[in-house]
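First comes the structure, then the notes that go with it.
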Amino acid sequence: MIDNGIPIDVAVIGAGPSGLAAAIALKQAGVGRVAVLEREPQAGGIPRHCNHPPYGLREFGRILKGPEYAARLVASARNAGVEIHVSITVTSIHGDGLLRLSTPEGVFEITPRRVIYATGVRETPRSARLISGARVQGVVNTGALQSMIYLKHRRPFRRPVIIGTELVAFSALMTCQSAGVRPIAMIEADAIATARWPSAIYPRMRGVELLTNTRLVEIEGDTVVQAVTVANTDGQTRRIECDGVILTGSFTPEVALARCGHLDVDPATGGPVVDQWGRCSDPAYFATGNVLRPVETAGRSWAEGRQTGAWVAQDLAGKLPSHDAKPLRILLGDARIKYAMPQVIYPSKGAGGMSEIQMRVRERVSGTLIARMQGRPVWQRRLNTRPERRIAVPIGEIISQAAADCVEFTIE
Amino acid sequence: MPNPQPKSSRQSKNMLSDDLFDVVVIGAGVVGCAVARRFVLEGAKVAIVEKASDILDGASKANSAILHTGFDAPQGSLELECIRQGFREYEDIRSELGLVQQKSGAFVVAWTPEQMDALAGIEAQAHENGIVDAHFVDAKSLKAAEPNLSANAMGAVNVPQESIIDPWSAPYVYLHQALENGAEVFLSCHITGGDFDGHVWDLWSGNGTLRSRAVINCAGLYGDILDRDVLGQAQFQIIPRKGQFVVFDKAACGLVSSVILPVPTEKTKGVVLFGTVFGNLVVGPTAEDQQSRTDATTDEVSLNALIAEGVDKLPALAQMPVTAVYAGLRPATERKEYRIEAAQDKNWITVGGIRSTGLSAALGIARHVFGLYEKFGAEHQPIAKPVTPQANVLAQTGARDWQRGGHGEIVCHCELVTRREIEAALVGPLAARSLGGLKRQTRAMMGRCQGFYCAAQVAELTDGKFAQAMSERFAHD
Ligand SMILES: Cc1cc2nc3c(=O)[nH]c(=O)nc-3n(C[C@H](O)[C@H](O)[C@H](O)COP(=O)(O)OP(=O)(O)OC[C@H]3O[C@@H](n4cnc5c(N)ncnc54)[C@H](O)[C@@H]3O)c2cc1C
Ligand SMILES: Cc1cc2nc3c(=O)[nH]c(=O)nc-3n(C[C@H](O)[C@H](O)[C@H](O)COP(=O)(O)OP(=O)(O)OC[C@H]3O[C@@H](n4cnc5c(N)ncnc54)[C@H](O)[C@@H]3O)c2cc1C
């Protein structure tokens, strides 16, 4: 039972790779009671329903399928002394770490000393993409498709089209093929696929048309999808008969608790505003893993979780710089920069924390990324990149120049 | 794929029921549900038929969910009378049926000097319509009440009683009350014709015939077609008017506390900003005349225009993610007013053209229609102590199921819908037989992720229940 009379030192919201890794690190640092709260009946997060490799190289030194990987993470957390509570939903978050919970037994509250927010990302649904047409059955995200196929052995359609070419689109393709679902086409608005495809993918693309420079403009159907209309950049349209649409990627942090609660949310990442230790606007809360920003692999989320766990342990021991000091704010002075995380930095040396500012761009960019303080360039680097490629700016080099309360990034 | 046979599907040419009903209500939209309830409470033997597999599948599937006071309804109109009566009765039965009503109040906001000039007339009309507490507020008071509105707001008429309600749970409980007090419902039952012998109607459907002394046409978007199919002619023509909406994330809900109405034009009440009892903020509807009675598609251009209008009036909306989009069809006719007419020699009443206020007026319309019906000469003994079922509690402020233990699990995380709620919606006379029906009864999959997390679980729980299944099983190779 979670409510056993012993105070909880750290509660982790979400039992995905990052949350479990953070919990393990906390136990390894000697923290007393660490409870992971997971709303699904099974711990493991997104990998639970990605029944394909490659997972686990970084963590376990071998290549695993998602569910095996999730099971290993859960086992190592239990071995480390982490409590994992499933079917518990955190329904709201409040000041001083107060969490309201719903369980099958009823509702109650806990007030751990620290909370780690590790709720991951999801894909943008059809509604938020404003796609025109009939609102019919058979339009799903990859996440829903994978849960249906791998967890429930059910398929929602036979001949869908796949929208997007981020890596997850290939997860979608593999998921389809494992269930006898044969996608007709993959549709990408850009001139080239977003992800660097693993070469092993090519044979799987046989029979699946790749349409670049093409946009989904309308979904047709009565109760289920009957066709889609796509348009290319020349304005030519084409109607494709199909019985489903898989909307892949376009990730967004699952940040409902922060948005409806008291934590500041960054419109650029869609995640909570954090400093270089992942500390949120309420210092009782830390965030880690993919809720920080869209999107990283499971392996990287896991690595972030480990670090965050260590920092929270330091914080409990009073070893993190105060949250009351004035931080350096990171400003985006160029619309082509999609986001930067962390959003604030404390210019204190030697206190650890993230070593890099993570950035992404919205479109293909080639130029120089420049950081300025009070108009003066303090750092710069050549940039030749595309959407969904990592850009890392060393925090140390920025901090060493800190002489103002904000640093602004532009691309020239 | 599984296709469960609803109760109504017996052999055609057969009788659907051996009973002779006093009244058959055709169409289970909000109006039909309210009419069926009223007639049952008055003591009539009632059947209600609906061509869809689930109720509320026509105009009543998508609206703004505002319980209007009638402050802006045409003076002296039947519509005004029905809205006023409907509002009163809703308040009377609210606690006994467990219905939600949030008296958020409304502001009719002027954004231009011309609109400012129109406010006095709006206030005067409200007073004449009996809404005596409607009053003008200046820009400063408006700002105090709605601090997030853009600074361009010049003034407003405040209508404190305008309310928001749950647009599905209310009609569901109207019909549940009818059923629990003796009515019968026939779903997936399309009335295509009929014959009146001077005393009794034979109503024909693909599934069989129903016999009844009187008939109430509550066919909404098909009211004219039904009159034509059965009576041979219709007094009006339905010209569907589409309204699209954008629903914003729950975090946006706190940005306004009242319903923000524009100064209306001849054709429409205009684009409204309003909270829902589920805790979202909505911008809409558009008003688009069209031929199709089924095309409730949304389009990117209109949705972007709605978002732009929303942001214009409420700048903080720019940071808010979109949760859902939807569209509804108003059963408008070539005229503005309700088209409620009794064919005395045929014991037939047509309740047509309930265009844009049917949710508010339904209970009042039901009383008015019963009054017309009494003129046919029927006499009934009202039920002394009717059974009072309880409405689903889906409003954010209500005592939701997830707050009580024993719910099994939370299935839909965004809207906090439990397995117990979903299982309950899949049984009984109004069991969900479509995903749309399930959504209206539980809100499953209607939240910000739109099924990313729960669609698989919902697909499994609804296996074999829907006419159009969400998925099929397959064997892994
Ligand atoms: C469809 C999809 C496919 C992907 N495929 C791959 C892939 O093939 N390879 C790869 O490396 N990465 C993949 N990713 C990236 C994936 O996000 C990461 O693999 C990893 O799961 C991120 O870990 P996390 O711990 O940050 O979040 P998650 O794994 O998402 O875990 C978050 C957990 O928080 C729980 N939670 C959320 N809100 C609450 C709450 N209020 N109360 C309690 N619990 C809550 C969720 O149920 C979930 O279990 C994919 C992502 C998606 C969405
Ligand atoms: C965009 C929009 C916003 C609105 N906002 C509001 C608001 O805020 N407040 C308010 O009070 N009102 C509002 N309304 C109006 C309200 O929704 C309608 O007035 C109301 O839903 C009309 O209900 P109805 O029962 O007459 O029609 P319907 O809901 O269309 O019901 C008719 C039913 O009859 C069935 N049927 C038809 N033909 C047959 C047949 N031959 N045999 C069997 N069954 C048949 C149909 O399937 C349907 O279910 C709005 C409407 C729209 C579209």
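Quick note on naming: the chains in the structure tokens go A, B, ... in the order shown, residues restart at 1 in each chain, and ligands are numbered from 1 in order of appearance.
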Please build the interface table for range 364-471 of chain B against range 85-108 of chain A with a cut-off of 10 Å, listing for each qualifying residue the nearest atom pair and the distance in Å to one decimal; count only C-alpha atoms, order rows by chain and increasing number, and write it as a Markdown table.
```
| residue | atom | partner | partner_atom | distance |
| --- | --- | --- | --- | --- |
| B:Asp401 | CA | A:Gly106 | CA | 9.6 |
| B:Trp402 | CA | A:Ser102 | CA | 6.8 |
| B:Gln403 | CA | A:Val107 | CA | 5.7 |
| B:Arg404 | CA | A:Gly106 | CA | 5.1 |
| B:Gly405 | CA | A:Gly106 | CA | 3.9 |
| B:Gly406 | CA | A:Pro104 | CA | 5.5 |
| B:His407 | CA | A:Pro104 | CA | 5.7 |
| B:Gly408 | CA | A:Pro104 | CA | 5.5 |
| B:Glu409 | CA | A:Pro104 | CA | 5.6 |
| B:Ile410 | CA | A:Ser87 | CA | 7.7 |
| B:Val411 | CA | A:Ser87 | CA | 9.8 |
| B:His413 | CA | A:Thr89 | CA | 8.0 |
| B:Cys414 | CA | A:Thr91 | CA | 9.6 |
| B:Leu416 | CA | A:Thr91 | CA | 8.5 |
| B:Thr418 | CA | A:Pro104 | CA | 9.2 |
```
Taking only C-alpha atoms and all ligand atoms into account, which residues have an atom no farther than 6 Å from ligand 1? I'd like them as a ChimeraX atom specification. /A:13-19,37-40,44-47,88-91,118-123,142-143,168,171,289-291,296-299,301
Any chance you could list, as a ChimeraX atom specification, the residues in range 76-264 of chain A that come up helix (DSSP H, G or I) when DSSP is run on the backbone? /A:76-79,95-97,126-129,142-152,167-178,199-205,256-260
From a DSSP calculation on the backbone, collect every residue of range 261-350 of chain B in strand (DSSP E) and output the set as a ChimeraX atom specification. /B:261-262,272-275,281-284,288-289,322-330,339-343,348-350
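You can rank B:Ile238, B:Val46, B:Ala118, B:Val263 by their closest distance to ligand 2 using only C-alpha atoms and all ligand atoms, and at the top of that list sits B:Ile238.
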Which neighbours of Gln401 in chain A fall inside 12 Å, counting only C-alpha atoms, when residues of the same chain fewer than 5 positions from it are skipped, and could you give them as a compact mmCIF listing (two decimals) with N, CA and C atoms, in the first residue's frame?
```
# COMPACT_ATOMS: atom_id res chain seq x y z
N LEU A 328 19.57 32.90 -15.43
CA LEU A 328 19.76 33.41 -16.79
C LEU A 328 18.62 32.80 -17.63
N PRO A 347 23.79 30.46 -13.09
CA PRO A 347 25.21 30.52 -13.42
C PRO A 347 26.11 30.14 -12.25
N SER A 348 25.89 28.95 -11.70
CA SER A 348 26.76 28.53 -10.59
C SER A 348 27.63 27.40 -11.09
N LYS A 349 28.90 27.51 -10.84
CA LYS A 349 29.81 26.51 -11.38
C LYS A 349 29.96 25.34 -10.41
N ALA A 371 24.77 33.06 -29.86
CA ALA A 371 24.20 33.43 -28.56
C ALA A 371 24.68 34.84 -28.22
N ARG A 372 23.74 35.70 -27.81
CA ARG A 372 24.11 37.07 -27.48
C ARG A 372 23.65 37.42 -26.06
N MET A 373 24.48 38.20 -25.38
CA MET A 373 24.04 38.79 -24.13
C MET A 373 24.14 40.30 -24.27
N GLN A 374 23.07 40.98 -23.98
CA GLN A 374 23.01 42.45 -24.14
C GLN A 374 23.54 42.84 -25.52
N ARG A 376 25.71 41.48 -27.37
CA ARG A 376 27.08 41.09 -27.67
C ARG A 376 27.16 39.58 -27.89
N PRO A 377 27.75 39.14 -29.02
CA PRO A 377 27.87 37.70 -29.23
C PRO A 377 28.79 37.07 -28.18
N VAL A 378 28.35 35.98 -27.57
CA VAL A 378 29.19 35.33 -26.56
C VAL A 378 29.57 33.91 -26.98
N TRP A 379 28.90 33.43 -28.02
CA TRP A 379 29.16 32.05 -28.43
C TRP A 379 28.57 31.88 -29.82
N PRO A 394 26.83 23.86 -25.40
CA PRO A 394 27.43 23.58 -24.09
C PRO A 394 27.10 24.66 -23.06
N ILE A 395 26.45 24.26 -21.98
CA ILE A 395 26.02 25.22 -20.96
C ILE A 395 27.22 25.89 -20.31
N GLY A 396 28.29 25.12 -20.10
CA GLY A 396 29.48 25.68 -19.46
C GLY A 396 29.99 26.92 -20.18
N CYS A 406 19.74 37.46 -19.37
CA CYS A 406 19.21 36.59 -20.42
C CYS A 406 20.22 36.42 -21.55
N VAL A 407 20.04 35.31 -22.25
CA VAL A 407 20.89 35.05 -23.41
C VAL A 407 19.94 34.74 -24.57
```
Quick one: contact table of chain B to chain A, 7 Å max, nearest atom pair and distance in Å to one decimal per residue, counting only C-alpha atoms, chain and number order, as JSON lines?
```
{"residue": "B:Lys250", "atom": "CA", "partner": "A:Cys260", "partner_atom": "CA", "distance": 7.0}
{"residue": "B:Ala251", "atom": "CA", "partner": "A:Cys260", "partner_atom": "CA", "distance": 4.9}
{"residue": "B:Ala296", "atom": "CA", "partner": "A:Ala134", "partner_atom": "CA", "distance": 6.8}
{"residue": "B:Thr297", "atom": "CA", "partner": "A:Ala134", "partner_atom": "CA", "distance": 4.5}
{"residue": "B:Thr298", "atom": "CA", "partner": "A:Ser132", "partner_atom": "CA", "distance": 5.4}
{"residue": "B:Asp299", "atom": "CA", "partner": "A:Ser132", "partner_atom": "CA", "distance": 4.1}
{"residue": "B:Glu300", "atom": "CA", "partner": "A:Ser132", "partner_atom": "CA", "distance": 5.3}
{"residue": "B:Leu303", "atom": "CA", "partner": "A:Leu130", "partner_atom": "CA", "distance": 7.0}
{"residue": "B:Gln319", "atom": "CA", "partner": "A:Pro267", "partner_atom": "CA", "distance": 6.4}
{"residue": "B:Val322", "atom": "CA", "partner": "A:Ala128", "partner_atom": "CA", "distance": 5.0}
{"residue": "B:Thr323", "atom": "CA", "partner": "A:Ala128", "partner_atom": "CA", "distance": 6.1}
{"residue": "B:Ala324", "atom": "CA", "partner": "A:Ser127", "partner_atom": "CA", "distance": 4.9}
{"residue": "B:Val325", "atom": "CA", "partner": "A:Ser127", "partner_atom": "CA", "distance": 5.6}
{"residue": "B:Trp402", "atom": "CA", "partner": "A:Ser102", "partner_atom": "CA", "distance": 6.8}
{"residue": "B:Gln403", "atom": "CA", "partner": "A:Val107", "partner_atom": "CA", "distance": 5.7}
{"residue": "B:Arg404", "atom": "CA", "partner": "A:Gly106", "partner_atom": "CA", "distance": 5.1}
{"residue": "B:Gly405", "atom": "CA", "partner": "A:Gly106", "partner_atom": "CA", "distance": 3.9}
{"residue": "B:Gly406", "atom": "CA", "partner": "A:Pro104", "partner_atom": "CA", "distance": 5.5}
{"residue": "B:His407", "atom": "CA", "partner": "A:Pro104", "partner_atom": "CA", "distance": 5.7}
{"residue": "B:Gly408", "atom": "CA", "partner": "A:Pro104", "partner_atom": "CA", "distance": 5.5}
{"residue": "B:Glu409", "atom": "CA", "partner": "A:Pro104", "partner_atom": "CA", "distance": 5.6}
{"residue": "B:Cys449", "atom": "CA", "partner": "A:Pro125", "partner_atom": "CA", "distance": 6.3}
{"residue": "B:Gln450", "atom": "CA", "partner": "A:Pro125", "partner_atom": "CA", "distance": 6.2}
{"residue": "B:Gly451", "atom": "CA", "partner": "A:Ala144", "partner_atom": "CA", "distance": 6.7}
{"residue": "B:Phe452", "atom": "CA", "partner": "A:Ala144", "partner_atom": "CA", "distance": 4.7}
{"residue": "B:Tyr453", "atom": "CA", "partner": "A:Ala144", "partner_atom": "CA", "distance": 6.1}
{"residue": "B:Ala455", "atom": "CA", "partner": "A:Ala144", "partner_atom": "CA", "distance": 5.8}
{"residue": "B:Ala456", "atom": "CA", "partner": "A:Met148", "partner_atom": "CA", "distance": 4.5}
{"residue": "B:Met470", "atom": "CA", "partner": "A:Pro156", "partner_atom": "CA", "distance": 6.0}
{"residue": "B:Ser471", "atom": "CA", "partner": "A:Pro156", "partner_atom": "CA", "distance": 4.0}
{"residue": "B:Glu472", "atom": "CA", "partner": "A:Arg154", "partner_atom": "CA", "distance": 5.2}
{"residue": "B:Arg473", "atom": "CA", "partner": "A:Arg154", "partner_atom": "CA", "distance": 4.3}
{"residue": "B:Phe474", "atom": "CA", "partner": "A:Arg154", "partner_atom": "CA", "distance": 5.9}
{"residue": "B:His476", "atom": "CA", "partner": "A:Ala179", "partner_atom": "CA", "distance": 6.5}
```
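Between CA of Phe278 in chain B and CA of Ile66 in chain B the interatomic distance comes to 12.9 Å.
The environment of Ser76 in chain A within 9 Å, counting only C-alpha atoms and disregarding residues fewer than 6 places along the same chain, consists of Leu20, Ile24 and Val82 of chain A.
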Polymer residues at most 7 Å from Leu67 in chain B, only C-alpha atoms, same-chain spacing of 4 or more positions, as an mmCIF file with N, CA and C atoms, in the first residue's frame:
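Now in around36.cif:
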```cif
data_model
loop_
_atom_site.group_PDB
_atom_site.id
_atom_site.type_symbol
_atom_site.label_atom_id
_atom_site.label_comp_id
_atom_site.auth_asym_id
_atom_site.auth_seq_id
_atom_site.Cartn_x
_atom_site.Cartn_y
_atom_site.Cartn_z
ATOM 1 N N PHE B 87 -36.599 26.406 -19.685
ATOM 2 C CA PHE B 87 -35.607 26.826 -18.683
ATOM 3 C C PHE B 87 -36.157 26.591 -17.274
ATOM 4 N N GLU B 162 -28.056 32.985 -17.866
ATOM 5 C CA GLU B 162 -27.651 32.077 -18.947
ATOM 6 C C GLU B 162 -26.746 31.003 -18.345
ATOM 7 N N SER B 163 -26.979 29.749 -18.752
ATOM 8 C CA SER B 163 -26.322 28.639 -18.064
ATOM 9 C C SER B 163 -25.674 27.697 -19.059
ATOM 10 N N ILE B 164 -24.744 26.909 -18.571
ATOM 11 C CA ILE B 164 -24.215 25.826 -19.396
ATOM 12 C C ILE B 164 -24.601 24.491 -18.757
ATOM 13 N N ILE B 165 -24.896 23.526 -19.613
ATOM 14 C CA ILE B 165 -25.359 22.217 -19.132
ATOM 15 C C ILE B 165 -24.635 21.102 -19.901
ATOM 16 N N LEU B 359 -32.095 22.606 -27.356
ATOM 17 C CA LEU B 359 -31.639 22.057 -26.085
ATOM 18 C C LEU B 359 -32.303 22.807 -24.927
ATOM 19 N N SER B 360 -32.414 24.123 -25.078
ATOM 20 C CA SER B 360 -33.012 24.938 -24.018
ATOM 21 C C SER B 360 -34.511 24.759 -23.966
#
```
